[in-house]
>>> print(open('data24.txt').read())   # compact mmCIF, C-alpha atoms
# COMPACT_ATOMS: atom_id res chain seq x y z
CA MET E 1 -62.20 -7.52 -103.07
CA ILE E 2 -58.87 -6.09 -104.25
CA GLY E 3 -55.72 -7.34 -102.47
CA PRO E 4 -53.46 -5.01 -100.46
CA GLY E 5 -50.56 -5.06 -102.96
CA ILE E 6 -52.67 -3.74 -105.85
CA LYS E 7 -54.52 -1.39 -103.50
CA ARG E 8 -51.30 0.34 -102.50
CA GLY E 9 -50.57 1.22 -106.09
CA THR E 10 -54.05 2.45 -106.84
CA ALA E 11 -54.46 4.44 -103.63
CA GLU E 12 -52.72 7.59 -104.83
CA LEU E 13 -54.65 7.53 -108.08
CA ALA E 14 -57.90 7.17 -106.14
CA VAL E 15 -57.08 10.10 -103.84
CA LEU E 16 -56.01 12.36 -106.69
CA SER E 17 -59.05 11.43 -108.78
CA VAL E 18 -61.53 12.14 -105.99
CA LEU E 19 -59.82 15.39 -105.04
CA GLU E 20 -60.04 16.46 -108.65
CA GLU E 21 -63.79 16.77 -108.06
CA GLY E 22 -63.25 19.20 -105.19
CA PRO E 23 -61.63 19.68 -101.76
CA LEU E 24 -62.45 17.14 -99.03
CA HIS E 25 -61.33 16.31 -95.52
CA GLY E 26 -59.78 12.92 -94.76
CA TYR E 27 -62.85 11.12 -93.47
CA GLU E 28 -65.05 12.34 -96.33
CA LEU E 29 -62.32 11.46 -98.84
CA ALA E 30 -62.15 7.87 -97.54
CA ARG E 31 -65.96 7.62 -97.55
CA ARG E 32 -66.20 8.97 -101.10
CA ILE E 33 -63.57 6.51 -102.41
CA GLU E 34 -65.33 3.61 -100.74
CA GLN E 35 -68.66 4.72 -102.17
CA GLN E 36 -67.42 5.31 -105.70
CA THR E 37 -65.53 2.01 -105.85
CA LYS E 38 -68.52 0.18 -104.31
CA GLY E 39 -66.43 -0.88 -101.34
CA ALA E 40 -63.53 -2.32 -103.36
CA LEU E 41 -61.16 0.36 -102.06
CA ARG E 42 -61.48 1.02 -98.35
CA PHE E 43 -59.06 3.11 -96.33
CA THR E 44 -58.60 2.90 -92.61
CA LEU E 45 -57.27 5.95 -90.81
CA ALA E 46 -53.91 4.19 -90.44
CA ALA E 47 -53.62 3.71 -94.19
CA LEU E 48 -55.02 7.06 -95.27
CA TYR E 49 -53.14 9.73 -93.33
CA PRO E 50 -49.51 8.63 -93.88
CA MET E 51 -50.38 8.60 -97.60
CA LEU E 52 -52.03 12.04 -97.47
CA TYR E 53 -49.04 13.50 -95.60
CA ARG E 54 -46.65 11.94 -98.09
CA MET E 55 -48.62 13.38 -101.00
CA GLU E 56 -48.67 16.74 -99.26
CA GLN E 57 -44.88 16.64 -98.88
CA ARG E 58 -44.62 15.96 -102.63
CA ARG E 59 -46.90 19.00 -103.11
CA TRP E 60 -49.51 17.01 -105.01
CA ILE E 61 -52.17 18.05 -102.51
CA ARG E 62 -52.47 20.85 -99.94
CA GLY E 63 -54.28 20.70 -96.63
CA SER E 64 -55.83 23.63 -94.80
CA TRP E 65 -58.13 23.96 -91.82
CA GLU E 66 -61.68 24.94 -92.64
CA THR E 67 -64.80 25.34 -90.54
CA GLY E 68 -67.80 23.41 -91.84
CA GLY E 69 -71.48 24.26 -91.64
CA ASN E 70 -71.76 22.44 -88.31
CA GLY E 71 -69.01 24.64 -86.84
CA ARG E 72 -66.48 21.82 -86.77
CA ARG E 73 -62.95 22.40 -87.95
CA ARG E 74 -61.66 19.89 -90.44
CA ARG E 75 -58.45 19.78 -92.47
CA CYS E 76 -59.49 19.86 -96.11
CA TYR E 77 -57.27 18.66 -98.91
CA ARG E 78 -57.28 20.07 -102.38
CA LEU E 79 -55.38 19.18 -105.51
CA THR E 80 -52.46 21.45 -106.38
CA PRO E 81 -51.43 22.27 -109.96
CA GLU E 82 -48.57 19.77 -109.47
CA GLY E 83 -51.04 17.12 -108.38
CA LYS E 84 -53.18 17.80 -111.43
CA LYS E 85 -50.11 17.35 -113.62
CA LYS E 86 -49.28 14.09 -111.84
CA LEU E 87 -52.77 12.66 -112.23
CA SER E 88 -52.65 12.34 -115.99
CA PRO E 89 -49.46 10.18 -116.24
CA ILE E 90 -50.62 7.98 -113.34
CA ARG E 91 -53.94 7.42 -115.12
CA GLN E 92 -52.06 6.64 -118.29
CA GLU E 93 -49.83 4.10 -116.51
CA TRP E 94 -52.83 2.29 -115.04
CA ALA E 95 -54.70 2.35 -118.33
CA GLU E 96 -51.68 0.79 -120.04
CA LEU E 97 -51.44 -1.85 -117.32
CA PHE E 98 -55.11 -2.79 -117.62
CA HIS E 99 -54.83 -2.80 -121.39
CA ALA E 100 -51.83 -5.14 -121.17
CA LEU E 101 -53.62 -7.41 -118.73
CA ARG E 102 -56.66 -7.58 -121.00
CA ARG E 103 -54.40 -8.77 -123.80
CA LEU E 104 -53.32 -11.72 -121.71
CA LYS E 105 -55.77 -14.48 -122.45
CA LYS E 106 -55.23 -16.24 -119.15
CA VAL E 107 -55.92 -13.10 -117.14
CA SER E 108 -59.01 -12.17 -119.10
CA HIS E 109 -60.40 -15.67 -118.70
CA GLY E 110 -59.53 -15.73 -114.99
CA MET O 1 -68.26 9.75 -74.66
CA VAL O 2 -64.68 9.20 -75.75
CA ASP O 3 -62.32 12.18 -75.84
CA TRP O 4 -60.79 11.33 -79.23
CA GLN O 5 -58.30 14.17 -79.07
CA LYS O 6 -56.94 12.89 -75.77
CA LEU O 7 -56.91 9.30 -76.99
CA VAL O 8 -54.94 10.18 -80.14
CA GLY O 9 -52.56 12.34 -78.09
CA GLN O 10 -51.87 9.44 -75.74
CA ARG O 11 -51.49 6.77 -78.43
CA LEU O 12 -49.25 8.91 -80.60
CA SER O 13 -47.19 10.29 -77.72
CA GLY O 14 -43.56 10.64 -78.68
CA LEU O 15 -44.32 11.66 -82.27
CA ALA O 16 -41.15 13.57 -83.10
CA LEU O 17 -42.69 16.61 -84.76
CA ASP O 18 -42.67 20.20 -83.55
CA ALA O 19 -45.47 21.06 -81.12
CA ALA O 20 -47.71 22.90 -83.60
CA GLU O 21 -47.44 20.22 -86.27
CA LYS O 22 -48.04 17.48 -83.70
CA ASP O 23 -51.18 19.24 -82.42
CA GLU O 24 -52.45 19.49 -86.00
CA VAL O 25 -51.94 15.76 -86.58
CA HIS O 26 -53.66 14.91 -83.29
CA ALA O 27 -56.61 17.19 -84.09
CA GLU O 28 -56.97 15.84 -87.62
CA LEU O 29 -56.88 12.18 -86.63
CA ALA O 30 -59.22 12.81 -83.69
CA ALA O 31 -61.69 14.52 -86.04
CA HIS O 32 -61.55 11.52 -88.37
CA LEU O 33 -62.22 9.09 -85.51
CA GLU O 34 -65.04 11.29 -84.25
CA ASP O 35 -66.69 11.37 -87.69
CA PHE O 36 -66.25 7.63 -88.09
CA TYR O 37 -67.71 6.96 -84.64
CA GLU O 38 -70.70 9.22 -85.29
CA SER O 39 -71.43 7.58 -88.63
CA LEU O 40 -71.54 4.19 -86.90
CA ARG O 41 -73.85 5.55 -84.22
CA THR O 42 -76.11 6.97 -86.94
CA LYS O 43 -76.25 3.50 -88.48
CA GLY O 44 -77.63 2.29 -85.17
CA LEU O 45 -74.60 0.65 -83.55
CA SER O 46 -74.41 0.67 -79.77
CA GLU O 47 -71.92 3.04 -78.17
CA GLN O 48 -69.63 0.19 -77.17
CA ALA O 49 -69.69 -1.47 -80.61
CA ALA O 50 -69.11 1.88 -82.32
CA ILE O 51 -66.13 2.64 -80.08
CA GLN O 52 -64.64 -0.78 -80.76
CA GLN O 53 -65.02 -0.45 -84.53
CA THR O 54 -63.61 3.07 -84.44
CA LEU O 55 -60.58 1.93 -82.47
CA ALA O 56 -60.06 -0.85 -85.01
CA GLN O 57 -59.23 1.86 -87.55
CA VAL O 58 -55.71 1.73 -86.14
CA ALA O 59 -54.37 -1.73 -85.38
CA ASN O 60 -50.86 -0.60 -84.51
CA TRP O 61 -50.35 2.91 -83.13
CA PRO O 62 -46.53 2.81 -82.90
CA ASP O 63 -46.44 1.77 -86.56
CA LEU O 64 -48.78 4.63 -87.48
CA ARG O 65 -46.55 7.05 -85.53
CA ARG O 66 -43.50 5.82 -87.48
CA LYS O 67 -45.31 6.08 -90.81
CA ILE O 68 -46.54 9.60 -90.07
CA LEU O 69 -43.04 10.66 -89.11
CA ILE O 70 -41.57 9.20 -92.31
CA ALA O 71 -44.34 10.79 -94.40
CA LYS O 72 -43.85 14.20 -92.81
CA LYS O 73 -40.07 14.23 -92.55
CA GLY O 74 -39.01 11.76 -95.22
CA ARG O 75 -36.91 8.61 -94.95
CA ASP O 76 -33.76 10.71 -94.75
CA PHE O 77 -34.88 12.00 -91.40
CA MET O 78 -34.85 8.48 -89.93
CA LYS O 79 -31.43 7.84 -91.44
CA LYS O 80 -30.11 11.10 -90.04
CA ARG O 81 -31.45 10.28 -86.61
CA LEU O 82 -29.63 6.96 -86.74
CA HIS O 83 -26.34 8.64 -87.62
CA GLN O 84 -26.75 11.63 -85.32
CA LEU O 85 -28.19 9.91 -82.29
CA TRP O 86 -28.21 6.17 -82.08
CA ILE O 87 -24.86 5.20 -83.62
CA PRO O 88 -22.83 7.73 -81.54
CA GLY O 89 -24.94 6.85 -78.48
CA PHE O 90 -24.39 3.12 -78.71
CA LEU O 91 -20.74 3.60 -79.63
CA THR O 92 -20.10 5.57 -76.43
CA PHE O 93 -21.92 2.88 -74.49
CA ILE O 94 -19.93 0.03 -76.04
CA LEU O 95 -16.61 1.87 -75.62
CA SER O 96 -17.27 2.66 -71.97
CA THR O 97 -18.35 -0.93 -71.26
CA VAL O 98 -15.31 -2.40 -73.05
CA PHE O 99 -13.00 -0.03 -71.14
CA LEU O 100 -14.54 -1.07 -67.82
CA MET O 101 -14.11 -4.76 -68.70
CA THR O 102 -10.50 -4.11 -69.75
CA LEU O 103 -9.76 -2.41 -66.43
CA GLN O 104 -11.17 -5.41 -64.58
CA LYS O 105 -9.13 -7.84 -66.70
CA LEU O 106 -5.98 -5.84 -65.99
CA GLY O 107 -6.67 -6.39 -62.32
CA PHE O 108 -7.68 -2.88 -61.45
CA GLN O 109 -9.49 -2.92 -58.13
CA PRO O 110 -12.29 -0.38 -57.76
CA ARG O 111 -12.57 1.50 -54.47
CA ILE O 112 -15.48 0.52 -52.30
CA VAL O 113 -17.31 3.51 -50.90
CA GLY O 114 -19.71 2.83 -48.05
CA ASP O 115 -20.43 -0.56 -46.57
CA GLY O 116 -23.10 -3.18 -46.41
CA PRO O 117 -25.78 -3.34 -49.05
CA ASN O 118 -25.33 0.36 -49.84
CA ALA O 119 -21.67 -0.03 -50.85
CA ILE O 120 -20.78 1.50 -54.19
CA LEU O 121 -17.87 0.44 -56.37
CA PHE O 122 -16.01 3.57 -57.37
CA CYS O 123 -13.79 3.20 -60.40
CA ALA O 124 -12.06 6.56 -60.90
CA PRO O 125 -10.19 5.83 -64.17
CA TRP O 126 -13.38 4.55 -65.74
CA LEU O 127 -15.38 7.57 -64.61
CA GLU O 128 -12.66 9.85 -65.99
CA SER O 129 -12.72 7.95 -69.28
CA LEU O 130 -16.43 8.73 -69.62
CA LEU O 131 -15.52 12.36 -70.26
CA PHE O 132 -13.47 11.39 -73.31
CA VAL O 133 -15.91 8.76 -74.52
CA GLY O 134 -18.77 11.25 -74.15
CA ALA O 135 -16.79 13.89 -76.03
CA LEU O 136 -16.19 11.37 -78.82
CA GLY O 137 -19.93 10.62 -78.99
CA ALA O 138 -20.75 14.33 -79.12
CA TYR O 139 -18.12 14.86 -81.83
CA LEU O 140 -19.50 12.03 -83.99
CA SER O 141 -23.04 13.30 -83.56
CA SER O 142 -22.04 16.88 -84.47
CA ARG O 143 -20.04 15.64 -87.45
CA ALA O 144 -23.16 13.88 -88.73
CA GLY O 145 -24.98 17.21 -88.46
CA GLY O 146 -26.65 16.50 -85.11
CA SER O 147 -28.16 19.29 -83.02
CA ARG O 148 -26.78 20.24 -79.60
CA GLY O 149 -29.47 18.09 -78.01
CA ALA O 150 -28.49 15.07 -80.12
CA ALA O 151 -24.80 15.58 -79.31
CA LEU O 152 -25.59 15.85 -75.62
CA PHE O 153 -27.72 12.72 -75.73
CA ALA O 154 -24.96 10.79 -77.53
CA SER O 155 -22.37 11.93 -74.99
CA VAL O 156 -24.38 10.97 -71.89
CA PHE O 157 -25.85 7.80 -73.38
CA PRO O 158 -23.65 5.40 -71.31
CA VAL O 159 -24.59 7.24 -68.13
CA LEU O 160 -28.30 7.08 -69.02
CA ALA O 161 -28.10 3.40 -69.96
CA LEU O 162 -26.15 2.40 -66.85
CA THR O 163 -28.33 4.50 -64.56
CA THR O 164 -31.41 2.80 -66.02
CA ALA O 165 -29.81 -0.62 -65.52
CA PHE O 166 -28.83 0.38 -61.98
CA LEU O 167 -32.34 1.53 -61.13
CA LEU O 168 -33.85 -1.62 -62.60
CA MET O 169 -31.49 -3.76 -60.51
CA PHE O 170 -32.25 -1.87 -57.31
CA GLY O 171 -35.92 -1.69 -58.19
CA SER O 172 -36.16 -5.45 -58.53
CA THR O 173 -34.47 -6.17 -55.16
>>> encode(input="data24.txt", output="structure tokens")
Amino acid sequence: MIGPGIKRGTAELAVLSVLEEGPLHGYELARRIEQQTKGALRFTLAALYPMLYRMEQRRWIRGSWETGGNGRRRRCYRLTPEGKKKLSPIRQEWAELFHALRRLKKVSHG
Amino acid sequence: MVDWQKLVGQRLSGLALDAAEKDEVHAELAAHLEDFYESLRTKGLSEQAAIQQTLAQVANWPDLRRKILIAKKGRDFMKKRLHQLWIPGFLTFILSTVFLMTLQKLGFQPRIVGDGPNAILFCAPWLESLLFVGALGAYLSSRAGGSRGAALFASVFPVLALTTAFLLMFGST
């Protein structure tokens, strides 16, 4: 299980990556991240929405109300062009970090 | 069956957003809780266990309210509120209290209106000073860019604080 400090940093990358696949509402987004990371990243409501609202304020994502097949209204988030632009450097940063960590013998043996 | 919308509305009461935005937040969080609850029920959890696990999604509602506000309005908003509301408000309160203590030290005797347990100490110079202290609070709030409401709150803060203290004292006796 990944600790909260590292999780915080990866959370935005996870949200942007999943939204890159298509628009999702908050609950589905959290479920999809949990599924794709095999439970390593899990968001409670309290952790998810402040982050989504913050990302919306930065214009990385945009939320809009949509009615689903079951007639329920849900606020769906989609990636904006700015969010798409942001995704690539964030991915790069994390890739560099993992690459650097792999170079450390102690970490790779740990 | 839990009314999630009502529950979120109650737990996030006081969220300082405009009415439409607040309703949207309430509806969105309620929908999330509803989906979460239903998924647990589908997995076979009892109603009570599902409700408990759903409620555990938020351990600290006041903290969530604060985080949502910061996320929606930015950290600057909290800083502005401090400068426009709380600093002028507490300053007026401190000034009025210090002035009252000074009057007492100088030997000023307040007039006693009424008698028995309902007697009220009436300190005219202090009451008059509240006008100036309140005006100062309103000025400081306005200077920091505060709205009329914020300026008004800052100016009447000592009255609100003392009235609350008064009511608490009388309420406890």
>>> atom_distance(input="data24.txt", atom1="CA of Thr67 in chain E", atom2="CA of His25 in chain E")
10.9 Å
>>> interface_residues(input="data24.txt", of="chain O", to="chain E", cutoff="10 Å", atoms="all atoms listed in the file", output="NGL selection string")
:O and (24-25 or 27-29 or 31-36 or 54-61 or 63-74)
>>> write_last_selection(input="data24.txt", atoms="C-alpha atoms", output="short mmCIF file (atom, residue, chain, number, x, y, z; two decimals), in the coordinates of the input")
data_model
loop_
_atom_site.label_atom_id
_atom_site.label_comp_id
_atom_site.auth_asym_id
_atom_site.auth_seq_id
_atom_site.Cartn_x
_atom_site.Cartn_y
_atom_site.Cartn_z
CA GLU O 24 -52.45 19.49 -86.00
CA VAL O 25 -51.94 15.76 -86.58
CA ALA O 27 -56.61 17.19 -84.09
CA GLU O 28 -56.97 15.84 -87.62
CA LEU O 29 -56.88 12.18 -86.63
CA ALA O 31 -61.69 14.52 -86.04
CA HIS O 32 -61.55 11.52 -88.37
CA LEU O 33 -62.22 9.09 -85.51
CA GLU O 34 -65.04 11.29 -84.25
CA ASP O 35 -66.69 11.37 -87.69
CA PHE O 36 -66.25 7.63 -88.09
CA THR O 54 -63.61 3.07 -84.44
CA LEU O 55 -60.58 1.93 -82.47
CA ALA O 56 -60.06 -0.85 -85.01
CA GLN O 57 -59.23 1.86 -87.55
CA VAL O 58 -55.71 1.73 -86.14
CA ALA O 59 -54.37 -1.73 -85.38
CA ASN O 60 -50.86 -0.60 -84.51
CA TRP O 61 -50.35 2.91 -83.13
CA ASP O 63 -46.44 1.77 -86.56
CA LEU O 64 -48.78 4.63 -87.48
CA ARG O 65 -46.55 7.05 -85.53
CA ARG O 66 -43.50 5.82 -87.48
CA LYS O 67 -45.31 6.08 -90.81
CA ILE O 68 -46.54 9.60 -90.07
CA LEU O 69 -43.04 10.66 -89.11
CA ILE O 70 -41.57 9.20 -92.31
CA ALA O 71 -44.34 10.79 -94.40
CA LYS O 72 -43.85 14.20 -92.81
CA LYS O 73 -40.07 14.23 -92.55
CA GLY O 74 -39.01 11.76 -95.22
#
>>> atom_distance(input="data24.txt", atom1="CA of Tyr37 in chain O", atom2="CA of Gln53 in chain O")
7.9 Å
>>> closest_residue(input="data24.txt", among="O:Leu85, O:Leu103, O:Ile112, O:Leu160", to="Ala138 in chain O", atoms="all atoms listed in the file")
O:Leu85
>>> residues_around(input="data24.txt", residues="Thr80 in chain E", least_positions_apart="2", cutoff="9 Å", atoms="only C-alpha atoms", output="list in words")
Arg59, Trp60, Ile61, Arg62, Arg78, Glu82, Gly83, Lys84 and Lys85 of chain E
>>> residues_around(input="data24.txt", residues="range 12-19 of chain E", least_positions_apart="3", cutoff="7 Å", atoms="only C-alpha atoms", output="VMD selection string")
chain E and resid 9 22 to 24 33 78 to 79 87 90
>>> atom_distance(input="data24.txt", atom1="CA of Gly63 in chain E", atom2="CA of Leu29 in chain E")
12.4 Å
>>> closest_residue(input="data24.txt", among="E:Ala11, E:Leu101, E:Tyr77, E:Lys86", to="Arg42 in chain E", atoms="only C-alpha atoms")
E:Ala11
>>> residues_around(input="data24.txt", residues="Pro158 in chain O", least_positions_apart="6", cutoff="8 Å", atoms="only C-alpha atoms", output="mmCIF file with C-alpha atoms, in the frame of the given file")
data_model
loop_
_atom_site.group_PDB
_atom_site.id
_atom_site.type_symbol
_atom_site.label_atom_id
_atom_site.label_comp_id
_atom_site.auth_asym_id
_atom_site.auth_seq_id
_atom_site.Cartn_x
_atom_site.Cartn_y
_atom_site.Cartn_z
ATOM 1 C CA GLY O 89 -24.940 6.850 -78.480
ATOM 2 C CA PHE O 90 -24.390 3.120 -78.710
ATOM 3 C CA THR O 92 -20.100 5.570 -76.430
ATOM 4 C CA PHE O 93 -21.920 2.880 -74.490
ATOM 5 C CA SER O 96 -17.270 2.660 -71.970
#
